[in-house]
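Visitor: One structure, as structure tokens, below. Some questions next.
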Amino acid sequence: MPEQPSILLTAVTCGRTCVTRCISISAPIVLGLILPLLPLARGETGEFVPGNGMEARSERTSALGSPQAPTEPTVPGAAIGPGQRAMGSPVNLGIVPDFVWDFRDDLGRSDFGLREVELNFGGAIDPYFEAVLTVSYADDDGFDMEEAYISSTYFPGELLGMNLMAQAGREFIPFGYLNRIHLHDFPQVDPPFVIEELTTDHGFIGNGAHLEWLAPLFNPTFSVSAGFYDSIEHSVGRRIEGRPAVLRLQSYWESQDGNHGFLAGVSGLSGIGRTDGRRPETDYRTVGQTRHVIGADLRYRWSPTGEKRGLISGTEFLRQAAKIHRRADADDLRDYQEDFSDGDRIRDLGFYAYSQYDFNPFYSAGYRFDYTDLLLSDGDADLYGHSLYGEYRPSEFSRLRLQYQFRDGDNFIRSDRMASNEHRVLLQATFFLGWHPPHVF
Amino acid sequence: MRNIQQKLATALAFLLLALPPLAAAEAALRVVATTTDLASLPEEIGGERIAEVHSLSRPLEDPHYLNATPGMVVRTSRADLFVMNGMDLEIGWIPAVLRQTRNHAVRPGGSGFVDASSGVRAIQVPDVSPGDLRALGDVHPQGNPHFTLEPVQSITAARNIAEGFRRVDPEFDEVYQYNLKRYEERVRDVSIGGE
């Protein structure tokens with residue numbers, strides 16, 4: 001009998017070995033974090049000054065979210081004095097339910113459900129380390145430990161102006177732009193086709209560490225991230241031949257008046273050494289080996305000074321090369337079995353591009369174009385897409401999206417995965433309760 | 001032999017390129033503030049000790065709704081003093097910047113971190129339980145953060161900033177106290193006719 005609570009076993013609905021292991025690892029951590037949080041959830045805060053509700057409070061809560069009184073210095077040797085208040089509670093907690101209604105005319109049916117609910121925990125461990133933990137539940141996949149990492153910027157190299165940051169544990173690896181973003185924070189309801197097809201909607205999640213160096217340049221900025229991983233969960237990243245390694249170069253430039261901002265990055269994911277077709281026991285997907293994945297991304301932001309409207313555009317290109325193992329790849333190659341032999345090298349690529357106009361802080365509208373090869377099709381089957389969407393944000397903590405999508409799959413010559421053409425309507429409602437890890441542009 | 005000399009020279013050049021930030025930090029102070037009105041205060045208090053004051057937001061921008069950018073991370077990474085408004089004005093973007101800054105001195109609790117709202121008597125604080133704040137829109141849950149519009153309250157912010165200067169540059173504390181006193185007198189002259 002496995003040494004884990006039975007309630008957790010019942011939570012694993014898909015029966016996949018890796019998910020079970022994730023649960024068994026994550027459960028004690030999650031429970032350990034939740035239990036101490038209960039007093040905070042009850043809302044114990046500073047006292048109020050009696051009055052009509054618009055008077056001063058005797059002890060305000062901290063600037064970044066938590067009840068606080070004068071505290072000990074968080075940096076050794078630094079005194080807390082006037083104008084230098086500490087902020088932040090030991091652990092921040094956030095819950096993000098994400099509901100999606102999905103109508104597809106080719107199937108002639110609609111589905112509504114909880115696509116994902118995400119639990120976020122995070123905070124400073126001590127002056128040297130910070131931790132973030134993200135657990136998600138999806139109707140399709142059950143519970144999953146998406147992130148559990150420790151990060152630090154304390155290095156001896158700081159003295160030489162090295163500007164380093166290290167992050168270790170389970171993390172979204174620094175590859176591309178969307179790979180570092182949670183699904184509910186994607187710019188549209190569904191993931192771009194190329195992301196879903198070549199990396200899956202979970203993206204590349206790695207068990208390992210990466211180091212980021214920030215060059216001492218203001219404008220443009222320049223950073224280099226390099227990571228090494230024992231394995232990559234989900235997606236085709238699991239098929240990387242050898243130990244996965246990733247490299248990302250990124251630069252951000254802003255115009256002098258601040259109205260325009262550009263973020264550009266190039267990324268590469270490959271394997272070090274060889275695994276010769278061997279796969280970890282937890283790899284339930286019988287798929288082949290990816291030799292490398294490369295990507296390039298660009299984002300542009302226009303936000304005119306003094307106005308609340310603006311424009312955001314983004315594009316991302318991915319290309320992956322794989323080596324065929326007919327027996328191992330049987331499931332994914334079922335449409336192409338006759339075309340490939342063992343050892344054949346294939347390449348799949350795709351990109352998306354979108355623009356979103358923000359009329360004001362509440363309303364936005366946008367368009368996305370998709371193109372992608374199907375996984376392991378070697379360019380023999382591709383898919384186009386056009387998506388129009390609108391977004392309404394009643395506040396910073398809730399968001400509604402309506403999206404119409406047309407999938408042009410005329411080139412699905414042999415694929416039985418979906419109909420040739422498809423009309424689809426998606427409605428999404430996302431709610432942010434409590435803390436949510438902020439994202440950098 | 002010439003090859004070795006060339007390599008040494010190249011290595012030395014790289015080292016020198018890495019060092020200017022340190023050298024500049026010793027000569028004078030770099031200050032980063034979140035808003036332009038806050039940025040004017042370190043200029044007043046720091047005087048000639050200031051090498052640069054940079055505001056992360058532009059004059060007409062709404063500081064409630066800024067995007068954290070990599071440029072902000074680099075700016076704070078090289079700052080000697082960081083001044084934020086506080087009272088949740090920058091709650092949507094400053095945590096992302098401070099989490100990634102490589103400069104621990106400007107993080108909360110560090111010697112170069114200044115919350116200008118410290119000691120400011122908050123007004124218009126919603127008198128509801130924290131659990132109900134979001135139901136009211138979560139607008140200014142700590143009270144009205146625009147205290148710099150009130151000249152007398154800006155004196156409190158200026159004192160906080162002077163205290164920050166004293167922590168990061170104690171040798172010139174007399175300069176900062178002198179400038180602070182002058183600033184206070186000017187504000188009082190303007191706002192309450194020199195009473």
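Every chain in the structure tokens has a letter given in the order shown (A, B, ...), and although residue numbers restart at 1 in each chain, ligands are simply numbered from 1 in the order shown.
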Using only C-alpha atoms, find the residues of chain B whose closest atom to chain A is at most 6 Å away, then write them as a PyMOL selection string.

Guide: chain B and resi 60-61+68-69+71+86-88+91+96+102+108-111+113-116+118+122-127+160

Visitor: Please run DSSP on the backbone and report, as number ranges by chain, all residues within segment 119-183 of chain B that come out as alpha helix (DSSP H).

Guide: B: 130-133, 151-168, 173-183

Visitor: Would you save the residues from that selection as a compact mmCIF listing (two decimals), in the first residue's frame, using N, CA, C and O atoms?

Guide:
# COMPACT_ATOMS: atom_id res chain seq x y z
N PRO B 130 -11.39 43.21 6.43
CA PRO B 130 -10.57 42.96 5.23
C PRO B 130 -11.26 42.05 4.23
O PRO B 130 -11.07 42.20 3.02
N GLY B 131 -12.06 41.14 4.72
CA GLY B 131 -12.74 40.23 3.81
C GLY B 131 -13.75 40.92 2.92
O GLY B 131 -14.14 40.40 1.88
N ASP B 132 -14.21 42.09 3.35
CA ASP B 132 -15.21 42.82 2.56
C ASP B 132 -14.60 43.89 1.67
O ASP B 132 -15.32 44.56 0.92
N LEU B 133 -13.29 44.10 1.76
CA LEU B 133 -12.66 45.18 1.00
C LEU B 133 -12.87 45.01 -0.50
O LEU B 133 -13.16 45.95 -1.22
N PRO B 151 0.37 69.40 0.95
CA PRO B 151 1.76 69.84 1.18
C PRO B 151 2.30 69.45 2.55
O PRO B 151 3.45 69.03 2.67
N VAL B 152 1.48 69.59 3.59
CA VAL B 152 2.00 69.30 4.93
C VAL B 152 2.33 67.81 5.07
O VAL B 152 3.30 67.43 5.71
N GLN B 153 1.51 66.98 4.43
CA GLN B 153 1.81 65.55 4.47
C GLN B 153 3.09 65.23 3.71
O GLN B 153 3.78 64.27 4.03
N SER B 154 3.39 66.04 2.70
CA SER B 154 4.61 65.77 1.95
C SER B 154 5.85 65.99 2.82
O SER B 154 6.92 65.46 2.53
N ILE B 155 5.68 66.77 3.89
CA ILE B 155 6.80 66.94 4.83
C ILE B 155 7.14 65.60 5.48
O ILE B 155 8.32 65.25 5.64
N THR B 156 6.11 64.84 5.81
CA THR B 156 6.35 63.52 6.39
C THR B 156 7.11 62.65 5.41
O THR B 156 8.06 61.95 5.77
N ALA B 157 6.69 62.70 4.15
CA ALA B 157 7.39 61.92 3.13
C ALA B 157 8.84 62.38 3.00
O ALA B 157 9.76 61.57 2.88
N ALA B 158 9.04 63.70 3.05
CA ALA B 158 10.41 64.24 2.94
C ALA B 158 11.27 63.78 4.11
O ALA B 158 12.46 63.48 3.95
N ARG B 159 10.68 63.73 5.29
CA ARG B 159 11.43 63.25 6.47
C ARG B 159 11.82 61.78 6.29
O ARG B 159 12.92 61.37 6.65
N ASN B 160 10.89 60.99 5.76
CA ASN B 160 11.22 59.58 5.51
C ASN B 160 12.37 59.45 4.53
O ASN B 160 13.25 58.60 4.68
N ILE B 161 12.36 60.31 3.53
CA ILE B 161 13.42 60.25 2.52
C ILE B 161 14.75 60.71 3.12
O ILE B 161 15.81 60.11 2.86
N ALA B 162 14.71 61.75 3.94
CA ALA B 162 15.94 62.21 4.61
C ALA B 162 16.51 61.11 5.49
O ALA B 162 17.74 60.93 5.58
N GLU B 163 15.62 60.39 6.15
CA GLU B 163 16.07 59.27 6.97
C GLU B 163 16.72 58.19 6.11
O GLU B 163 17.72 57.57 6.50
N GLY B 164 16.16 57.97 4.94
CA GLY B 164 16.75 57.01 4.01
C GLY B 164 18.13 57.45 3.57
O GLY B 164 19.07 56.65 3.52
N PHE B 165 18.27 58.74 3.27
CA PHE B 165 19.60 59.25 2.90
C PHE B 165 20.59 59.07 4.05
O PHE B 165 21.75 58.75 3.83
N ARG B 166 20.11 59.30 5.26
CA ARG B 166 21.02 59.14 6.41
C ARG B 166 21.52 57.69 6.52
O ARG B 166 22.68 57.45 6.85
N ARG B 167 20.64 56.77 6.19
CA ARG B 167 21.05 55.36 6.28
C ARG B 167 22.07 54.98 5.22
O ARG B 167 23.02 54.25 5.49
N VAL B 168 21.86 55.46 4.01
CA VAL B 168 22.75 55.03 2.92
C VAL B 168 23.97 55.92 2.76
O VAL B 168 24.95 55.53 2.13
N ASP B 173 24.88 63.41 6.47
CA ASP B 173 23.58 63.57 7.12
C ASP B 173 23.26 65.05 7.38
O ASP B 173 22.12 65.48 7.28
N GLU B 174 24.30 65.82 7.71
CA GLU B 174 24.06 67.25 7.99
C GLU B 174 23.50 67.96 6.77
O GLU B 174 22.64 68.84 6.88
N VAL B 175 24.00 67.57 5.60
CA VAL B 175 23.48 68.17 4.36
C VAL B 175 22.00 67.85 4.21
O VAL B 175 21.18 68.74 3.91
N TYR B 176 21.66 66.62 4.43
CA TYR B 176 20.27 66.21 4.25
C TYR B 176 19.34 66.88 5.27
O TYR B 176 18.23 67.30 4.93
N GLN B 177 19.81 66.97 6.50
CA GLN B 177 18.98 67.61 7.51
C GLN B 177 18.80 69.11 7.21
O GLN B 177 17.71 69.67 7.43
N TYR B 178 19.86 69.73 6.71
CA TYR B 178 19.77 71.15 6.35
C TYR B 178 18.76 71.34 5.21
O TYR B 178 17.89 72.24 5.27
N ASN B 179 18.89 70.50 4.19
CA ASN B 179 17.96 70.61 3.05
C ASN B 179 16.52 70.30 3.47
O ASN B 179 15.58 70.91 2.97
N LEU B 180 16.38 69.34 4.37
CA LEU B 180 15.04 69.00 4.86
C LEU B 180 14.41 70.18 5.59
O LEU B 180 13.23 70.50 5.38
N LYS B 181 15.24 70.83 6.41
CA LYS B 181 14.72 71.97 7.16
C LYS B 181 14.28 73.09 6.21
O LYS B 181 13.21 73.70 6.38
N ARG B 182 15.09 73.34 5.20
CA ARG B 182 14.74 74.37 4.22
C ARG B 182 13.44 74.00 3.50
O ARG B 182 12.59 74.86 3.25
N TYR B 183 13.32 72.74 3.16
CA TYR B 183 12.11 72.29 2.45
C TYR B 183 10.88 72.48 3.34
O TYR B 183 9.84 72.97 2.88

Visitor: Looking only at the backbone, which of the residues in segment 74-119 of chain B does DSSP tag as strand (DSSP E or B), as a PDB file with N, CA and C atoms, in the first residue's frame?

Guide:
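Everything below was put into result.pdb:
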ATOM      1  N   LEU B  81      18.986  54.408  -3.409  1.00  0.00           N
ATOM      2  CA  LEU B  81      17.796  54.654  -2.604  1.00  0.00           C
ATOM      3  C   LEU B  81      16.564  54.435  -3.480  1.00  0.00           C
ATOM      4  N   PHE B  82      15.599  53.710  -2.943  1.00  0.00           N
ATOM      5  CA  PHE B  82      14.349  53.479  -3.658  1.00  0.00           C
ATOM      6  C   PHE B  82      13.211  54.050  -2.826  1.00  0.00           C
ATOM      7  N   VAL B  83      12.415  54.909  -3.443  1.00  0.00           N
ATOM      8  CA  VAL B  83      11.317  55.563  -2.732  1.00  0.00           C
ATOM      9  C   VAL B  83       9.991  55.170  -3.373  1.00  0.00           C
ATOM     10  N   MET B  84       9.150  54.535  -2.575  1.00  0.00           N
ATOM     11  CA  MET B  84       7.814  54.212  -3.084  1.00  0.00           C
ATOM     12  C   MET B  84       6.754  54.986  -2.298  1.00  0.00           C
ATOM     13  N   PHE B 113      15.618  51.270   1.225  1.00  0.00           N
ATOM     14  CA  PHE B 113      14.183  51.204   0.928  1.00  0.00           C
ATOM     15  C   PHE B 113      13.426  52.242   1.736  1.00  0.00           C
ATOM     16  N   VAL B 114      12.643  53.053   1.064  1.00  0.00           N
ATOM     17  CA  VAL B 114      11.855  54.079   1.741  1.00  0.00           C
ATOM     18  C   VAL B 114      10.393  53.956   1.325  1.00  0.00           C
ATOM     19  N   ASP B 115       9.534  53.759   2.306  1.00  0.00           N
ATOM     20  CA  ASP B 115       8.096  53.841   2.091  1.00  0.00           C
ATOM     21  C   ASP B 115       7.685  55.238   2.542  1.00  0.00           C
TER      22      ASP B 115
END

Visitor: When you look at Phe317 of chain A with a cut-off of 10 Å (counting only C-alpha atoms), what residues show up, excluding the ones that are within fewer than 6 positions of it in the same chain? I need them as an mmCIF file with all heavy atoms, in the first residue's frame.

Guide:
data_model
loop_
_atom_site.group_PDB
_atom_site.id
_atom_site.type_symbol
_atom_site.label_atom_id
_atom_site.label_comp_id
_atom_site.auth_asym_id
_atom_site.auth_seq_id
_atom_site.Cartn_x
_atom_site.Cartn_y
_atom_site.Cartn_z
ATOM 1 N N GLY A 176 10.873 30.803 -24.527
ATOM 2 C CA GLY A 176 9.798 31.531 -25.172
ATOM 3 C C GLY A 176 9.094 32.486 -24.216
ATOM 4 O O GLY A 176 9.555 32.743 -23.102
ATOM 5 N N VAL A 194 0.244 26.472 -32.104
ATOM 6 C CA VAL A 194 1.619 25.955 -32.089
ATOM 7 C C VAL A 194 2.059 25.590 -30.672
ATOM 8 O O VAL A 194 2.797 24.615 -30.465
ATOM 9 C CB VAL A 194 2.598 26.966 -32.735
ATOM 10 C CG1 VAL A 194 2.665 28.253 -31.918
ATOM 11 C CG2 VAL A 194 3.985 26.353 -32.864
ATOM 12 N N ILE A 195 1.555 26.333 -29.707
ATOM 13 C CA ILE A 195 1.895 26.028 -28.313
ATOM 14 C C ILE A 195 1.230 24.714 -27.904
ATOM 15 O O ILE A 195 1.847 23.824 -27.320
ATOM 16 C CB ILE A 195 1.429 27.167 -27.378
ATOM 17 C CG1 ILE A 195 2.115 28.491 -27.755
ATOM 18 C CG2 ILE A 195 1.684 26.815 -25.919
ATOM 19 C CD1 ILE A 195 3.597 28.511 -27.534
ATOM 20 N N VAL A 266 15.085 35.023 -27.897
ATOM 21 C CA VAL A 266 15.313 33.779 -28.639
ATOM 22 C C VAL A 266 15.632 32.695 -27.618
ATOM 23 O O VAL A 266 16.284 32.964 -26.598
ATOM 24 C CB VAL A 266 16.454 33.907 -29.674
ATOM 25 C CG1 VAL A 266 16.057 34.808 -30.809
ATOM 26 C CG2 VAL A 266 17.736 34.393 -29.025
ATOM 27 N N ILE A 294 13.642 25.149 -30.935
ATOM 28 C CA ILE A 294 14.117 26.534 -30.910
ATOM 29 C C ILE A 294 12.908 27.467 -31.044
ATOM 30 O O ILE A 294 11.866 27.078 -31.587
ATOM 31 C CB ILE A 294 15.138 26.837 -32.035
ATOM 32 C CG1 ILE A 294 14.535 26.528 -33.405
ATOM 33 C CG2 ILE A 294 16.421 26.059 -31.807
ATOM 34 C CD1 ILE A 294 15.420 26.954 -34.550
ATOM 35 N N GLY A 295 13.035 28.649 -30.513
ATOM 36 C CA GLY A 295 11.923 29.584 -30.566
ATOM 37 C C GLY A 295 12.398 31.023 -30.612
ATOM 38 O O GLY A 295 13.517 31.338 -30.189
ATOM 39 N N ALA A 296 11.552 31.879 -31.151
ATOM 40 C CA ALA A 296 11.816 33.320 -31.156
ATOM 41 C C ALA A 296 10.498 34.020 -30.845
ATOM 42 O O ALA A 296 9.434 33.579 -31.299
ATOM 43 C CB ALA A 296 12.355 33.777 -32.510
ATOM 44 N N ASP A 297 10.559 35.057 -30.038
ATOM 45 C CA ASP A 297 9.325 35.749 -29.664
ATOM 46 C C ASP A 297 9.547 37.246 -29.650
ATOM 47 O O ASP A 297 10.664 37.728 -29.400
ATOM 48 C CB ASP A 297 8.827 35.271 -28.291
ATOM 49 C CG ASP A 297 9.881 35.384 -27.209
ATOM 50 O OD1 ASP A 297 10.712 34.458 -27.096
ATOM 51 O OD2 ASP A 297 9.896 36.405 -26.496
ATOM 52 N N LEU A 298 8.486 37.959 -29.915
ATOM 53 C CA LEU A 298 8.540 39.425 -29.938
ATOM 54 C C LEU A 298 7.230 39.954 -29.406
ATOM 55 O O LEU A 298 6.150 39.474 -29.770
ATOM 56 C CB LEU A 298 8.758 39.917 -31.373
ATOM 57 C CG LEU A 298 8.831 41.429 -31.590
ATOM 58 C CD1 LEU A 298 10.094 42.003 -30.945
ATOM 59 C CD2 LEU A 298 8.823 41.759 -33.082
ATOM 60 N N LEU A 349 7.018 22.927 -37.312
ATOM 61 C CA LEU A 349 7.152 24.327 -36.918
ATOM 62 C C LEU A 349 5.792 25.005 -36.936
ATOM 63 O O LEU A 349 4.814 24.475 -37.481
ATOM 64 C CB LEU A 349 8.142 25.070 -37.823
ATOM 65 C CG LEU A 349 7.891 25.084 -39.332
ATOM 66 C CD1 LEU A 349 6.917 26.191 -39.710
ATOM 67 C CD2 LEU A 349 9.212 25.283 -40.072
ATOM 68 N N GLY A 350 5.771 26.187 -36.360
ATOM 69 C CA GLY A 350 4.533 26.954 -36.346
ATOM 70 C C GLY A 350 4.743 28.299 -35.671
ATOM 71 O O GLY A 350 5.800 28.548 -35.085
ATOM 72 N N PHE A 351 3.738 29.135 -35.786
ATOM 73 C CA PHE A 351 3.821 30.436 -35.118
ATOM 74 C C PHE A 351 2.413 30.978 -34.888
ATOM 75 O O PHE A 351 1.439 30.487 -35.458
ATOM 76 C CB PHE A 351 4.654 31.431 -35.929
ATOM 77 C CG PHE A 351 3.943 31.980 -37.140
ATOM 78 C CD1 PHE A 351 3.292 33.210 -37.081
ATOM 79 C CD2 PHE A 351 3.899 31.273 -38.333
ATOM 80 C CE1 PHE A 351 2.620 33.714 -38.182
ATOM 81 C CE2 PHE A 351 3.233 31.765 -39.429
ATOM 82 C CZ PHE A 351 2.593 32.988 -39.362
ATOM 83 N N TYR A 352 2.344 31.962 -34.058
ATOM 84 C CA TYR A 352 1.093 32.704 -33.893
ATOM 85 C C TYR A 352 1.432 34.194 -33.858
ATOM 86 O O TYR A 352 2.576 34.576 -33.566
ATOM 87 C CB TYR A 352 0.365 32.298 -32.602
ATOM 88 C CG TYR A 352 1.068 32.745 -31.337
ATOM 89 C CD1 TYR A 352 0.823 33.988 -30.784
ATOM 90 C CD2 TYR A 352 2.000 31.928 -30.713
ATOM 91 C CE1 TYR A 352 1.483 34.409 -29.642
ATOM 92 C CE2 TYR A 352 2.656 32.335 -29.577
ATOM 93 C CZ TYR A 352 2.402 33.573 -29.039
ATOM 94 O OH TYR A 352 3.065 34.000 -27.913
ATOM 95 N N ALA A 353 0.463 35.021 -34.126
ATOM 96 C CA ALA A 353 0.636 36.470 -34.034
ATOM 97 C C ALA A 353 -0.698 37.067 -33.620
ATOM 98 O O ALA A 353 -1.750 36.651 -34.130
ATOM 99 C CB ALA A 353 1.096 37.051 -35.360
ATOM 100 N N TYR A 371 -0.725 29.373 -37.164
ATOM 101 C CA TYR A 371 -0.290 28.378 -38.140
ATOM 102 C C TYR A 371 0.592 27.375 -37.408
ATOM 103 O O TYR A 371 1.484 27.751 -36.652
ATOM 104 C CB TYR A 371 0.513 29.002 -39.291
ATOM 105 C CG TYR A 371 1.177 27.934 -40.122
ATOM 106 C CD1 TYR A 371 0.442 27.226 -41.079
ATOM 107 C CD2 TYR A 371 2.509 27.572 -39.908
ATOM 108 C CE1 TYR A 371 1.020 26.204 -41.804
ATOM 109 C CE2 TYR A 371 3.089 26.545 -40.633
ATOM 110 C CZ TYR A 371 2.344 25.868 -41.581
ATOM 111 O OH TYR A 371 2.913 24.846 -42.291
ATOM 112 N N THR A 372 0.354 26.086 -37.641
ATOM 113 C CA THR A 372 1.243 25.085 -37.049
ATOM 114 C C THR A 372 1.212 23.792 -37.844
ATOM 115 O O THR A 372 0.190 23.446 -38.456
ATOM 116 C CB THR A 372 0.855 24.785 -35.588
ATOM 117 O OG1 THR A 372 1.836 23.921 -35.013
ATOM 118 C CG2 THR A 372 -0.501 24.109 -35.490
#

Visitor: Using only C-alpha atoms, which protein or nucleic acid residues come within 8 Å of Phe99 of chain A? Drop anything in the same chain fewer than 3 positions from it, and give the result as a VMD selection string.

Guide: chain A and resid 112 to 116 428 to 430

Visitor: Would you mind exporting N, CA and C atoms of the selected residues as a PDB file, in the first residue's frame?

Guide:
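out_38.pdb was written with the following content:
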ATOM      1  N   PHE A 112     -19.257  22.820 -20.779  1.00  0.00           N
ATOM      2  CA  PHE A 112     -18.970  23.865 -19.809  1.00  0.00           C
ATOM      3  C   PHE A 112     -18.391  23.210 -18.570  1.00  0.00           C
ATOM      4  N   GLY A 113     -17.351  23.822 -18.035  1.00  0.00           N
ATOM      5  CA  GLY A 113     -16.780  23.223 -16.833  1.00  0.00           C
ATOM      6  C   GLY A 113     -15.639  24.038 -16.284  1.00  0.00           C
ATOM      7  N   LEU A 114     -15.123  23.532 -15.208  1.00  0.00           N
ATOM      8  CA  LEU A 114     -13.972  24.144 -14.568  1.00  0.00           C
ATOM      9  C   LEU A 114     -12.736  23.669 -15.311  1.00  0.00           C
ATOM     10  N   ARG A 115     -12.208  24.530 -16.172  1.00  0.00           N
ATOM     11  CA  ARG A 115     -11.030  24.106 -16.929  1.00  0.00           C
ATOM     12  C   ARG A 115      -9.845  23.890 -15.993  1.00  0.00           C
ATOM     13  N   GLU A 116      -9.716  24.795 -15.030  1.00  0.00           N
ATOM     14  CA  GLU A 116      -8.583  24.688 -14.110  1.00  0.00           C
ATOM     15  C   GLU A 116      -8.844  25.579 -12.902  1.00  0.00           C
ATOM     16  N   GLN A 428     -15.025  32.455 -21.481  1.00  0.00           N
ATOM     17  CA  GLN A 428     -14.170  32.187 -20.330  1.00  0.00           C
ATOM     18  C   GLN A 428     -14.470  33.170 -19.203  1.00  0.00           C
ATOM     19  N   ALA A 429     -14.493  32.647 -17.999  1.00  0.00           N
ATOM     20  CA  ALA A 429     -14.636  33.502 -16.804  1.00  0.00           C
ATOM     21  C   ALA A 429     -13.520  33.129 -15.829  1.00  0.00           C
ATOM     22  N   THR A 430     -12.708  34.099 -15.487  1.00  0.00           N
ATOM     23  CA  THR A 430     -11.570  33.857 -14.605  1.00  0.00           C
ATOM     24  C   THR A 430     -11.653  34.791 -13.410  1.00  0.00           C
TER      25      THR A 430
END

Visitor: Within 9 Å of Leu133 of chain A, counting only C-alpha atoms, which residues qualify if same-chain residues fewer than 3 places away don't, as a list in words?

Guide: Val30, Leu119, Asn120, Phe121, Gly122, Met145, Glu146, Glu147, Ala148, Tyr149, Ile150 and Arg170 of chain A

Visitor: Based on the selection just made, write N, CA and C atoms of those residues as a PDB file, in the first residue's frame.

Guide:
ATOM      1  N   VAL A  30       1.552  20.837   0.426  1.00  0.00           N
ATOM      2  CA  VAL A  30       0.356  21.682   0.349  1.00  0.00           C
ATOM      3  C   VAL A  30      -0.346  21.733   1.696  1.00  0.00           C
ATOM      4  N   LEU A 119      -4.062  26.986  -7.228  1.00  0.00           N
ATOM      5  CA  LEU A 119      -3.729  27.465  -5.887  1.00  0.00           C
ATOM      6  C   LEU A 119      -2.306  27.988  -5.916  1.00  0.00           C
ATOM      7  N   ASN A 120      -2.150  29.239  -5.523  1.00  0.00           N
ATOM      8  CA  ASN A 120      -0.813  29.845  -5.507  1.00  0.00           C
ATOM      9  C   ASN A 120      -0.379  30.113  -4.081  1.00  0.00           C
ATOM     10  N   PHE A 121       0.816  29.707  -3.774  1.00  0.00           N
ATOM     11  CA  PHE A 121       1.436  30.025  -2.494  1.00  0.00           C
ATOM     12  C   PHE A 121       2.787  30.661  -2.797  1.00  0.00           C
ATOM     13  N   GLY A 122       3.152  31.650  -2.023  1.00  0.00           N
ATOM     14  CA  GLY A 122       4.461  32.252  -2.273  1.00  0.00           C
ATOM     15  C   GLY A 122       4.852  33.210  -1.180  1.00  0.00           C
ATOM     16  N   MET A 145       1.145  19.356  -9.721  1.00  0.00           N
ATOM     17  CA  MET A 145       2.076  20.325  -9.152  1.00  0.00           C
ATOM     18  C   MET A 145       2.755  21.047 -10.308  1.00  0.00           C
ATOM     19  N   GLU A 146       2.288  22.260 -10.600  1.00  0.00           N
ATOM     20  CA  GLU A 146       2.845  22.968 -11.748  1.00  0.00           C
ATOM     21  C   GLU A 146       4.187  23.600 -11.420  1.00  0.00           C
ATOM     22  N   GLU A 147       4.270  24.212 -10.249  1.00  0.00           N
ATOM     23  CA  GLU A 147       5.513  24.886  -9.870  1.00  0.00           C
ATOM     24  C   GLU A 147       5.796  24.626  -8.394  1.00  0.00           C
ATOM     25  N   ALA A 148       7.043  24.480  -8.085  1.00  0.00           N
ATOM     26  CA  ALA A 148       7.482  24.411  -6.688  1.00  0.00           C
ATOM     27  C   ALA A 148       8.967  24.752  -6.717  1.00  0.00           C
ATOM     28  N   TYR A 149       9.273  26.034  -6.574  1.00  0.00           N
ATOM     29  CA  TYR A 149      10.670  26.419  -6.724  1.00  0.00           C
ATOM     30  C   TYR A 149      11.113  27.412  -5.659  1.00  0.00           C
ATOM     31  N   ILE A 150      12.408  27.438  -5.490  1.00  0.00           N
ATOM     32  CA  ILE A 150      13.066  28.396  -4.612  1.00  0.00           C
ATOM     33  C   ILE A 150      13.893  29.309  -5.505  1.00  0.00           C
ATOM     34  N   ARG A 170      10.802  22.779  -9.404  1.00  0.00           N
ATOM     35  CA  ARG A 170       9.969  22.543 -10.584  1.00  0.00           C
ATOM     36  C   ARG A 170       9.469  23.895 -11.069  1.00  0.00           C
TER      37      ARG A 170
END
